[in-house]
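Chemist: One structure follows; several queries about it will come next.
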Amino acid sequence: MTLTIYNTMTRKKEPFETLDPGKVRLYVCGPTVYDKAHVGHAMSSIVFDVIRRYLEYKEYDVQHVMNYTDVDDKVILRAQDLGVDPLDLAEQYIDEYDQHLKELNILPAHVFPRVSTEIETIISVIKGLVDKGYAYDVDGDVYFRVAKDEDYGRLSRRVLEDMRAGARLGIDDRKEDPADFALWKAGKPGEPTWESPWGPGRPGWHIECSAMSLHHLGDQIDIHGGGNDLIFPHHENEIAQSESYTGKPFARYWVHNGMMQLSGEDMSKSTGNVFTIEQFLGKFDADVLRLLILNASYRSPLTYNEDVIEQAAHALERLKGGLRSASPLPDLDPSEAATLTQAAEQARIGFETAMDDDFNSAGALGHLFELVRAINEARTAGIDEENLGAAQDVLCKLAGVFGLSLTPKDQLDAEAAPFIDLLLEIRRELRTAKQWELSDRIRDRLSELGISLEDGKGGTVWRVH
RNA sequence: GGCGACGUAGCCAAGUGGUAAGGCAGGGGUCUGCAAAACCCUUAUGCGCGGGUUCGAAUCCCGCCGUCGCCUCCA
């Protein structure tokens, strides 16, 4: 089966072909670290994590780079407000985001470059652009000469003329063209600055990604990702910079995730202000956020509200339910095993077919649930552990492509288990004696403490809910 | 104003020409002492509205209505 990927550049799904066979160079634009990260940032990281996991599932060797923008207007402004050093502030949020990536079970990129550690490359790229006539300096600033790039605007399908007419900010008449953008900004007091051929200053926003991608992945990459809010101007400008500098096509596939709908007062009410990743993880499992995202197309805007979170939480319970252990019965119809094996195989094929179609995770998820049902049916029929386990392995492997851990919530201390078992033992005797009131009280009280009891044919099992 | 998305059941959502996946919620049932979980049945003759093309349309075309994003701060 062939993987097809929607390419923002062509606005079409295209068969996926890599520059080097079996190897994928993946660059994803990471956050500007000026504040706590919110679930929208998590969405982007999760989307590209799943893309990476699926590529690796298909046995591609993926080289993944994600940057942190630690030098930027927003960081500087925020630091000035707080009266702290901008780089320290950035460092703090980078640490936090690193932690979030772990908690969200996102595979770490192979390289996490930052502006502050890539100044050398950035300056040499800017220098190259100036030498080739694609950039010019004015009073310590360096601007990209948009007019010199005849392809400018082809990713966002914008016409240069319209952009000039629509220029909103005060026109800076030191620029040759209102559409020209900054590669290097002359330093101002209180800002972090570095020495450069144009005097002390700092990089503009767009140049960092061109430079980092070039530095860590080479002149050309397979996939460049980010939120669709970055298409213009950020990615458009990256293309202009990179291609003007190398003279080669930059990224083969431009992949953009849709925005999580977070703005507006209605939204803050409906979510109880669970916006930051920290807040979300304080209340819900990381798998819930994954499921919420994977249930929809990565390219579409995503509804984010309390209902949807609840639904995802319930859906997660159902998925986990598929992993419960067998309760084998002796008089099993032998065809059950064959039926289950076939269901697992169908789920695998369905999953891959969906994912091959531009990472259709919602379609793929449907196949996971179908497998869960088949597993549950087989368990009810009394299938043996080995056959059930084989199907559950398929479920886990496919769920793993989604980065779902499906692990139970923080299990109680191991010390609690014997006491729960003791209560169950007493309850069993009470039930034998038909002391329903007392036995139900144990069940109800345990439930309040977060332990669910399930009375089955083989006895009572408990789990944390 | 320019560019671009989207509108499928109570909610989320897949599905780009062949007769509507999946999840959540709801209803009925099996199991159970009662529950829970699980399983079975059930919930859109219908895909924003109106036309058109076609043997056949959620899917293609035209118009209208509505929601949203971007237009040099943004994952």
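Just so we're on the same page: first chain in the structure tokens is A, next is B, and so on; residues restart at 1 for each chain, and ligands are numbered from 1 in the order they show up.
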Please build the interface table for chain A against chain B with a cut-off of 7 Å, listing for each qualifying residue the nearest atom pair and the distance in Å to one decimal; count only C-alpha atoms (C1' of nucleotides), order rows by chain and increasing number, and write it as JSON lines.
Modeler:
{"residue": "A:Gly30", "atom": "CA", "partner": "B:A75", "partner_atom": "C1'", "distance": 6.9}
{"residue": "A:Pro31", "atom": "CA", "partner": "B:A75", "partner_atom": "C1'", "distance": 6.5}
{"residue": "A:Gly40", "atom": "CA", "partner": "B:A75", "partner_atom": "C1'", "distance": 6.0}
{"residue": "A:His41", "atom": "CA", "partner": "B:A75", "partner_atom": "C1'", "distance": 4.5}
{"residue": "A:Ser44", "atom": "CA", "partner": "B:A75", "partner_atom": "C1'", "distance": 5.1}
{"residue": "A:Arg158", "atom": "CA", "partner": "B:C3", "partner_atom": "C1'", "distance": 6.8}
{"residue": "A:Gly226", "atom": "CA", "partner": "B:A75", "partner_atom": "C1'", "distance": 6.2}
{"residue": "A:Gly227", "atom": "CA", "partner": "B:A75", "partner_atom": "C1'", "distance": 4.6}
{"residue": "A:Asp229", "atom": "CA", "partner": "B:C70", "partner_atom": "C1'", "distance": 6.5}
{"residue": "A:Pro233", "atom": "CA", "partner": "B:U72", "partner_atom": "C1'", "distance": 5.9}
{"residue": "A:Asn295", "atom": "CA", "partner": "B:A13", "partner_atom": "C1'", "distance": 6.6}
{"residue": "A:Ala296", "atom": "CA", "partner": "B:A13", "partner_atom": "C1'", "distance": 6.1}
{"residue": "A:Val308", "atom": "CA", "partner": "B:C12", "partner_atom": "C1'", "distance": 6.2}
{"residue": "A:Gln311", "atom": "CA", "partner": "B:C24", "partner_atom": "C1'", "distance": 4.7}
{"residue": "A:His314", "atom": "CA", "partner": "B:C24", "partner_atom": "C1'", "distance": 6.9}
{"residue": "A:Ala315", "atom": "CA", "partner": "B:G23", "partner_atom": "C1'", "distance": 5.9}
{"residue": "A:Ala362", "atom": "CA", "partner": "B:A14", "partner_atom": "C1'", "distance": 6.0}
{"residue": "A:Gly363", "atom": "CA", "partner": "B:A14", "partner_atom": "C1'", "distance": 5.1}
{"residue": "A:Gly366", "atom": "CA", "partner": "B:G22", "partner_atom": "C1'", "distance": 4.0}
{"residue": "A:Phe369", "atom": "CA", "partner": "B:G22", "partner_atom": "C1'", "distance": 6.7}
{"residue": "A:Asn376", "atom": "CA", "partner": "B:A38", "partner_atom": "C1'", "distance": 6.7}
{"residue": "A:Glu377", "atom": "CA", "partner": "B:C39", "partner_atom": "C1'", "distance": 6.6}
{"residue": "A:Thr380", "atom": "CA", "partner": "B:A38", "partner_atom": "C1'", "distance": 6.9}
{"residue": "A:Leu453", "atom": "CA", "partner": "B:A36", "partner_atom": "C1'", "distance": 6.9}
{"residue": "A:Glu454", "atom": "CA", "partner": "B:A36", "partner_atom": "C1'", "distance": 5.7}
Chemist: If DSSP is run on the backbone, what residues of region 162-398 of chain A are strand (DSSP E or B)? A reply as a list in words would be ideal.
Modeler: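 Residues of region 162-398 of chain A classed as strand (DSSP E or B): Phe181, Ala182, Leu183, Trp184, Lys185, Ala186, Trp194, Gly201, Arg202, Pro203, Ile221, Asp222, Ile223, His224, Gly225, Gly226, Gly227, Ala251, Arg252, Tyr253, Trp254, Val255, His256, Asn257, Met260, Thr276, Leu302 and Asp357 of chain A.
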Chemist: Counting only C-alpha atoms (C1' of nucleotides), figure out which residue out of B:G17, B:A9, B:U42, B:G28 gets nearest to A58 (chain B).
Modeler: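 Among B:G17, B:A9, B:U42, B:G28, it is B:G17 that comes nearest to A58 (chain B).
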Chemist: Which residues in region 267-457 of chain A does DSSP call helix (DSSP H, G or I)? List them as a ChimeraX atom specification.
Modeler: /A:267-271,277-283,286-294,306-321,335-356,361-381,385-401,416-432,436-448
Chemist: Taking only C-alpha atoms into account, name the residue in A:Ser213, A:Gln392, A:Thr117, A:Ser242 that is nearest to Gly322 (chain A).
Modeler: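 Among the listed residues, A:Gln392 lies closest to Gly322 (chain A).
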Chemist: Please, what distance in Å, to one decimal, runs between CA of Ala354 (chain A) and CA of Ile221 (chain A)?
Modeler: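 Calculated distance between CA of Ala354 (chain A) and CA of Ile221 (chain A) is 24.9 Å.
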Chemist: Name the residues in contact with Tyr143 (chain A) at a cut-off of 6 Å, using only C-alpha atoms (C1' of nucleotides), excluding same-chain residues fewer than 2 positions from it; report them as a list in words.
Modeler: Ala135, Tyr136, Phe181, Ala182 and Leu183 of chain A
